[in-house]
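Participant: The structure is given below, and queries will be raised subsequently.
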Amino acid sequence: MNNVQQIISLIHKVQSNDELNQILDAWKLKRTYLTRQNVRQLAVGDKVQWEGRNGFSKGTVTKINRKYIIVDTGFGKWRVPANMLEKV
C-alpha cells in the first residue's frame with residue numbers, strides 16, 4: 001500500500017496537463033495489459049467468480065471475447081469484464 005500512497009503524492013505534484021495525460025496513458029496501458037493477461041489465463045469450462053452489485057457471483061466460462069467473458073451462473077448468462085474475474 002505504501003507504493004500507492006507514493007504514487008498518489010506524486011500525482012498531486014503534477015504541474016501540467018501534458019504530464020497528467022502521460023500518467024493517464026500509462027494507467028490505460030497497464031489496465032489493458034492486466035485484462036489481456038487475465039483473458040489468456042481463462043479457458044472455456046473454468047469456474048470463476050466476481051464481485052458485483054449483489055455480492056459475489058460464481059459461474060462457468062462459456063465464451064471468451066477480447067475484453068468480456070460470457071459466464072453461465074445457472075440462473076442466466078452474464079457478460080463480465082475480464083479484469084473482474086478470478087478463477088475459483
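Chain identifiers are assigned as A, B, and so on, following the order in which chains appear in the C-alpha cells; residues are numbered from 1 within each chain, and ligands are numbered from 1 in order of appearance.
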Where in chain A does DSSP assign strand (DSSP E), given as a compact mmCIF listing (two decimals) with all heavy atoms, in the first residue's frame?
Facilitator:
```txt
# COMPACT_ATOMS: atom_id res chain seq x y z
N LYS A 47 -14.14 -22.51 -13.78
CA LYS A 47 -15.01 -21.94 -12.75
C LYS A 47 -14.42 -20.61 -12.31
O LYS A 47 -13.23 -20.51 -12.02
CB LYS A 47 -15.11 -22.87 -11.53
CG LYS A 47 -15.57 -24.27 -11.86
CD LYS A 47 -17.02 -24.29 -12.22
CE LYS A 47 -17.46 -25.74 -12.42
NZ LYS A 47 -18.72 -25.85 -13.10
N VAL A 48 -15.26 -19.56 -12.29
CA VAL A 48 -14.80 -18.22 -11.95
C VAL A 48 -15.77 -17.58 -10.96
O VAL A 48 -16.89 -18.04 -10.77
CB VAL A 48 -14.68 -17.33 -13.21
CG1 VAL A 48 -13.57 -17.81 -14.11
CG2 VAL A 48 -15.99 -17.25 -13.96
N GLN A 49 -15.29 -16.49 -10.36
CA GLN A 49 -16.15 -15.68 -9.50
C GLN A 49 -15.81 -14.22 -9.72
O GLN A 49 -14.74 -13.88 -10.21
CB GLN A 49 -15.98 -16.05 -8.03
CG GLN A 49 -14.69 -15.61 -7.40
CD GLN A 49 -14.64 -15.94 -5.92
OE1 GLN A 49 -15.48 -16.65 -5.39
NE2 GLN A 49 -13.64 -15.42 -5.23
N TRP A 50 -16.76 -13.35 -9.39
CA TRP A 50 -16.55 -11.93 -9.47
C TRP A 50 -17.46 -11.23 -8.47
O TRP A 50 -18.45 -11.80 -8.02
CB TRP A 50 -16.79 -11.40 -10.88
CG TRP A 50 -18.22 -11.34 -11.32
CD1 TRP A 50 -19.05 -10.26 -11.28
CD2 TRP A 50 -19.00 -12.41 -11.85
NE1 TRP A 50 -20.29 -10.60 -11.76
CE2 TRP A 50 -20.29 -11.92 -12.12
CE3 TRP A 50 -18.75 -13.75 -12.12
CZ2 TRP A 50 -21.30 -12.71 -12.64
CZ3 TRP A 50 -19.76 -14.54 -12.64
CH2 TRP A 50 -21.02 -14.01 -12.90
N GLU A 51 -17.09 -10.02 -8.10
CA GLU A 51 -17.90 -9.26 -7.16
C GLU A 51 -18.73 -8.26 -7.95
O GLU A 51 -18.20 -7.40 -8.65
CB GLU A 51 -17.02 -8.53 -6.14
CG GLU A 51 -17.82 -7.85 -5.07
CD GLU A 51 -16.98 -7.27 -3.97
OE1 GLU A 51 -15.74 -7.36 -4.04
OE2 GLU A 51 -17.56 -6.70 -3.03
N GLY A 52 -20.02 -8.37 -7.82
CA GLY A 52 -20.95 -7.46 -8.49
C GLY A 52 -21.70 -6.62 -7.49
O GLY A 52 -21.32 -6.52 -6.32
N GLY A 55 -23.03 -8.68 -4.36
CA GLY A 55 -22.06 -9.56 -3.71
C GLY A 55 -21.34 -10.42 -4.73
O GLY A 55 -21.30 -10.12 -5.91
N PHE A 56 -20.78 -11.53 -4.26
CA PHE A 56 -20.01 -12.41 -5.14
C PHE A 56 -20.94 -13.31 -5.94
O PHE A 56 -21.93 -13.81 -5.43
CB PHE A 56 -19.03 -13.26 -4.34
CG PHE A 56 -17.78 -12.53 -3.97
CD1 PHE A 56 -17.65 -11.92 -2.74
CD2 PHE A 56 -16.72 -12.45 -4.88
CE1 PHE A 56 -16.50 -11.25 -2.40
CE2 PHE A 56 -15.57 -11.78 -4.55
CZ PHE A 56 -15.46 -11.18 -3.31
N SER A 57 -20.59 -13.50 -7.21
CA SER A 57 -21.30 -14.43 -8.08
C SER A 57 -20.29 -15.43 -8.61
O SER A 57 -19.12 -15.10 -8.81
CB SER A 57 -21.95 -13.70 -9.25
OG SER A 57 -22.90 -12.78 -8.80
N LYS A 58 -20.75 -16.65 -8.84
CA LYS A 58 -19.88 -17.70 -9.38
C LYS A 58 -20.53 -18.29 -10.61
O LYS A 58 -21.76 -18.28 -10.75
CB LYS A 58 -19.67 -18.81 -8.35
CG LYS A 58 -18.88 -18.39 -7.15
CD LYS A 58 -18.67 -19.54 -6.20
CE LYS A 58 -17.86 -19.08 -4.99
NZ LYS A 58 -17.55 -20.18 -4.09
N GLY A 59 -19.69 -18.81 -11.50
CA GLY A 59 -20.21 -19.43 -12.70
C GLY A 59 -19.11 -20.13 -13.48
O GLY A 59 -17.98 -20.25 -13.03
N THR A 60 -19.50 -20.56 -14.69
CA THR A 60 -18.60 -21.28 -15.57
C THR A 60 -18.42 -20.50 -16.86
O THR A 60 -19.40 -20.03 -17.44
CB THR A 60 -19.19 -22.67 -15.90
OG1 THR A 60 -19.46 -23.35 -14.67
CG2 THR A 60 -18.22 -23.49 -16.72
N VAL A 61 -17.19 -20.36 -17.31
CA VAL A 61 -16.90 -19.64 -18.55
C VAL A 61 -17.47 -20.42 -19.73
O VAL A 61 -17.20 -21.62 -19.88
CB VAL A 61 -15.37 -19.46 -18.73
CG1 VAL A 61 -15.05 -18.85 -20.09
CG2 VAL A 61 -14.80 -18.62 -17.61
N THR A 62 -18.27 -19.74 -20.56
CA THR A 62 -18.83 -20.39 -21.74
C THR A 62 -18.27 -19.82 -23.04
O THR A 62 -18.26 -20.51 -24.06
CB THR A 62 -20.37 -20.27 -21.79
OG1 THR A 62 -20.73 -18.89 -21.78
CG2 THR A 62 -21.00 -20.98 -20.60
N LYS A 63 -17.81 -18.56 -23.00
CA LYS A 63 -17.23 -17.95 -24.20
C LYS A 63 -16.24 -16.87 -23.78
O LYS A 63 -16.46 -16.16 -22.80
CB LYS A 63 -18.32 -17.33 -25.07
CG LYS A 63 -17.80 -16.77 -26.38
CD LYS A 63 -18.93 -16.24 -27.24
CE LYS A 63 -18.35 -15.69 -28.53
NZ LYS A 63 -19.38 -15.08 -29.37
N ILE A 64 -15.14 -16.77 -24.53
CA ILE A 64 -14.12 -15.77 -24.24
C ILE A 64 -14.04 -14.80 -25.41
O ILE A 64 -13.76 -15.19 -26.54
CB ILE A 64 -12.75 -16.44 -24.00
CG1 ILE A 64 -12.85 -17.36 -22.79
CG2 ILE A 64 -11.67 -15.39 -23.81
CD1 ILE A 64 -11.62 -18.18 -22.54
N TYR A 68 -14.51 -9.07 -22.76
CA TYR A 68 -15.57 -9.59 -21.91
C TYR A 68 -15.64 -11.11 -22.00
O TYR A 68 -15.37 -11.69 -23.03
CB TYR A 68 -16.92 -9.00 -22.32
CG TYR A 68 -17.02 -7.52 -22.05
CD1 TYR A 68 -16.66 -6.59 -23.01
CD2 TYR A 68 -17.47 -7.05 -20.83
CE1 TYR A 68 -16.73 -5.23 -22.76
CE2 TYR A 68 -17.56 -5.69 -20.57
CZ TYR A 68 -17.19 -4.79 -21.55
OH TYR A 68 -17.28 -3.45 -21.27
N ILE A 69 -16.03 -11.71 -20.89
CA ILE A 69 -16.17 -13.16 -20.80
C ILE A 69 -17.64 -13.47 -20.53
O ILE A 69 -18.26 -12.83 -19.68
CB ILE A 69 -15.31 -13.73 -19.64
CG1 ILE A 69 -13.85 -13.22 -19.73
CG2 ILE A 69 -15.38 -15.24 -19.60
CD1 ILE A 69 -13.10 -13.66 -20.94
N ILE A 70 -18.19 -14.44 -21.26
CA ILE A 70 -19.56 -14.86 -21.01
C ILE A 70 -19.52 -15.97 -19.96
O ILE A 70 -18.83 -16.98 -20.14
CB ILE A 70 -20.24 -15.37 -22.31
CG1 ILE A 70 -20.10 -14.34 -23.44
CG2 ILE A 70 -21.70 -15.72 -22.03
CD1 ILE A 70 -20.72 -13.01 -23.16
N VAL A 71 -20.26 -15.77 -18.86
CA VAL A 71 -20.24 -16.69 -17.73
C VAL A 71 -21.67 -17.16 -17.46
O VAL A 71 -22.59 -16.35 -17.36
CB VAL A 71 -19.67 -16.02 -16.46
CG1 VAL A 71 -19.65 -16.98 -15.30
CG2 VAL A 71 -18.28 -15.47 -16.72
N ASP A 72 -21.83 -18.48 -17.38
CA ASP A 72 -23.12 -19.07 -17.06
C ASP A 72 -23.17 -19.33 -15.56
O ASP A 72 -22.37 -20.10 -15.03
CB ASP A 72 -23.31 -20.37 -17.84
CG ASP A 72 -24.70 -20.97 -17.67
OD1 ASP A 72 -25.52 -20.37 -16.95
OD2 ASP A 72 -24.94 -22.03 -18.26
N LYS A 77 -26.91 -16.12 -18.22
CA LYS A 77 -25.55 -15.84 -18.69
C LYS A 77 -25.24 -14.37 -18.50
O LYS A 77 -26.09 -13.51 -18.74
CB LYS A 77 -25.41 -16.24 -20.16
CG LYS A 77 -25.49 -17.74 -20.35
CD LYS A 77 -25.19 -18.12 -21.77
CE LYS A 77 -25.24 -19.64 -21.90
NZ LYS A 77 -24.92 -20.08 -23.25
N TRP A 78 -24.03 -14.10 -18.05
CA TRP A 78 -23.58 -12.75 -17.78
C TRP A 78 -22.39 -12.41 -18.66
O TRP A 78 -21.52 -13.25 -18.88
CB TRP A 78 -23.17 -12.59 -16.32
CG TRP A 78 -24.33 -12.68 -15.38
CD1 TRP A 78 -24.95 -13.80 -14.93
CD2 TRP A 78 -25.01 -11.59 -14.78
NE1 TRP A 78 -25.96 -13.49 -14.08
CE2 TRP A 78 -26.04 -12.13 -13.97
CE3 TRP A 78 -24.86 -10.21 -14.85
CZ2 TRP A 78 -26.90 -11.32 -13.24
CZ3 TRP A 78 -25.72 -9.42 -14.11
CH2 TRP A 78 -26.72 -9.97 -13.32
N ARG A 79 -22.32 -11.18 -19.12
CA ARG A 79 -21.19 -10.66 -19.88
C ARG A 79 -20.36 -9.85 -18.88
O ARG A 79 -20.74 -8.75 -18.49
CB ARG A 79 -21.71 -9.78 -21.01
CG ARG A 79 -20.67 -9.26 -21.93
CD ARG A 79 -21.38 -8.52 -23.09
NE ARG A 79 -20.45 -7.77 -23.86
CZ ARG A 79 -20.31 -6.46 -23.82
NH1 ARG A 79 -21.10 -5.73 -23.04
NH2 ARG A 79 -19.42 -5.85 -24.56
N VAL A 80 -19.23 -10.40 -18.46
CA VAL A 80 -18.44 -9.84 -17.37
C VAL A 80 -17.09 -9.35 -17.91
O VAL A 80 -16.43 -10.08 -18.66
CB VAL A 80 -18.19 -10.90 -16.26
CG1 VAL A 80 -17.45 -10.29 -15.09
CG2 VAL A 80 -19.50 -11.52 -15.82
N PRO A 81 -16.65 -8.14 -17.53
CA PRO A 81 -15.32 -7.70 -17.93
C PRO A 81 -14.25 -8.66 -17.40
O PRO A 81 -14.32 -9.10 -16.24
CB PRO A 81 -15.17 -6.33 -17.27
CG PRO A 81 -16.57 -5.87 -17.01
CD PRO A 81 -17.37 -7.13 -16.76
N GLU A 86 -11.94 -13.87 -11.37
CA GLU A 86 -10.83 -14.64 -10.83
C GLU A 86 -11.24 -16.10 -10.80
O GLU A 86 -12.39 -16.44 -10.55
CB GLU A 86 -10.38 -14.14 -9.48
CG GLU A 86 -11.35 -14.34 -8.35
CD GLU A 86 -10.81 -13.81 -7.03
OE1 GLU A 86 -10.59 -12.60 -6.93
OE2 GLU A 86 -10.60 -14.64 -6.12
N LYS A 87 -10.26 -16.98 -11.08
CA LYS A 87 -10.54 -18.42 -11.06
C LYS A 87 -10.83 -18.88 -9.65
O LYS A 87 -10.26 -18.37 -8.69
CB LYS A 87 -9.32 -19.19 -11.60
CG LYS A 87 -9.23 -19.25 -13.06
CD LYS A 87 -8.08 -20.18 -13.45
CE LYS A 87 -8.05 -20.44 -14.91
NZ LYS A 87 -6.98 -21.35 -15.28
```
Participant: Per DSSP on the backbone, filter stretch 35-84 of chain A down to the residues in helix (DSSP H, G or I) and report them as a PyMOL selection string.
Facilitator: chain A and resi 35-41+82-84
Participant: Please measure the separation of atom CA of A:Asn54 and atom CA of A:Leu85, giving the value in Å to one decimal.
Facilitator: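 Interatomic distance, atom CA of A:Asn54 to atom CA of A:Leu85: 15.1 Å.
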Participant: Can you work out the spacing between atom CA of A:Thr32 and atom CA of A:Met84 in Å, to one decimal?
Facilitator: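 Computing the Euclidean distance for atom CA of A:Thr32 and atom CA of A:Met84 yields 12.6 Å.
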